[in-house]
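The block underneath contains the structure these notes are about, expressed in structure tokens.
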Amino acid sequence: YQGLAGRSTNEVLQLYAARGGQQKLQRSSLVTQLHRAIKKRLKQDLKSLHSFALELSKEFRRQSKTCLYQVLAAVQGVQLQNEAMQMFQIKAFDLEQSLQEVTERYEKEKQKRRALHNSLVELRGNIRVHCRIRPLLPFDDAAGHSISQDRQRNLSEKVAYAADDETVLVKCSRPGHASINKTFQFERVYNDSESQDAVFADVAPLLTSLLDGYNVCIMAYGQTGSGKTYTMLGPQVEGNFAFAIEDESELGIIPRATQEVFRLISEKPPGSYWVEVSVVEVYNNEIFDLLAKDSYGKVFSIKRDVVTTREGKSDVPLLTHETVENASEFLHLVKKGLQLRVRHPTLVHAHSSRSHLVVTLTITTLVFGDNFGTSWEDEQASQRLNKDVSCTFPQKTRDSISASSSGTSSPVQFEATEKIKQVKTRLQLVDLAGSECVGMSGVTGAALRETSFINRSLSALADVLGAIAEQRSHVPYRNSKLTHLLQDSVGGDAKLLVMLCISPGQKYLTESMQSLGFGTRARQVQRGQVKKKNFPMPSKAK
């Protein structure tokens, strides 16, 4: 402003105009330079961006190829794995088929071997022995004994197993000694999960032999609480046996055998068979008839004796034999007898049986004809019709005989054209009292005396089997009423099956080993071939 002082207005305006033009030129020049710089920078950035895009594209293509190769490799690997899996599946299927074929062949060979073994057993007269291992039960703990918890757990430990259906494996151990495994072989072994159905399935074939002319005896042996009575009779409901329970799968051998026998009889001609039943117990080495009746018709237990007949057979004079027509009547009588059987609670078993129970089912077969052969002369039951037919046969059987005789009006007329012989076969079902250790059962007084008689009778049974096995000239049947009563069955006049029952716990190891030893010795007994009561051929048309 100082330079403008004293100048005219025009000059000042001209100076401002010149100054403004100069600044305008300067601004224009700056804008041009800035534009050029921006343009240059944009070109550089665009070139860099283009280069980066090219590099990114190349990298993307390279990565894509790599990934594609990996995907293709993975697909090929999966395909190879699928092919390998298919090959494995084919091989596995082939192996399964081969295994199934081998298993089927093995089962067939096993059945053949078992059939041959059974034939050999019959030819030798060996005793069949089946072993059943019961499951561990709540009373298997050491309650009532003042011992440590560790000791209690050891006593409850399971030591007896079914290695297979013919082998029992027992783990024997003592403190400070290595465990030893012992094995026992039997005709059949049932593990702790096998049902009553499985047990009876192996017993049923013997019942067919009953109607073929053979005597049959099925005997349960084992220590107290090992499941003998459950196996033979079934479960107890409040101390009594319920043969009419809804769940028939729980029924034991006796009710099942009865049903099977009457089923087999139903397939035969009516009137050709009749069935009688007797129930006895051997208590304190005395025989008691459990179907005897007093003057008022009430069933009560009465003492009987066992004798040896002139033919060398055992017999119980005056023993009550009740005729039954179906399984229900049979089981009703058995249940009455069981109500009189002696029981006593012990520390081992709350319903311990204190006597040996023998249920005998006698089947009388009527054979018509006049060509009987000389082998029938020794049969005490073979009688001609003219010997008091009305007293010998039950009413229904007499009616059937009369109805079947065409053109005759009385049994006397029938005897003129036909002869009738009787064949008696017996099914003895024996539930032995359990052997027991006095220290473990805790019995005293009268129960202690019962235990003494039980153990002595079972020892006598073992002595009898030992004498037969060693083929001694004298077999001590009369050392015990039990062995005297079972003389015919044990001595070789019946197909004998011993159902060995054992407890699996460590607590009962000693008793289980004793039972397994008894079963092993019983298998080795050779009694000679069991005699069959041959049915004569009836004469041809006259």
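A note on labels: chains of the structure tokens are A, B, ... as shown, every chain counts residues from 1, and ligands are counted from 1 in their shown order.
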At a cut-off of 9 Å, using only C-alpha atoms, what residues contact Val299 in chain A? Leave out same-chain residues fewer than 2 positions from it and give the result as number ranges by chain. A: 290-294, 296-297, 301, 336-337, 340
Restricting to only C-alpha atoms, whichever of A:Ile363, A:Val129, A:Leu80, A:Val498 is closest to Asn215 in chain A is A:Ile363
The distance between CA of Glu311 in chain A and CA of Phe518 in chain A is 29.8 Å
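Coordinates place CA of Ser193 in chain A at a distance of 14.4 Å from CA of Val168 in chain A.
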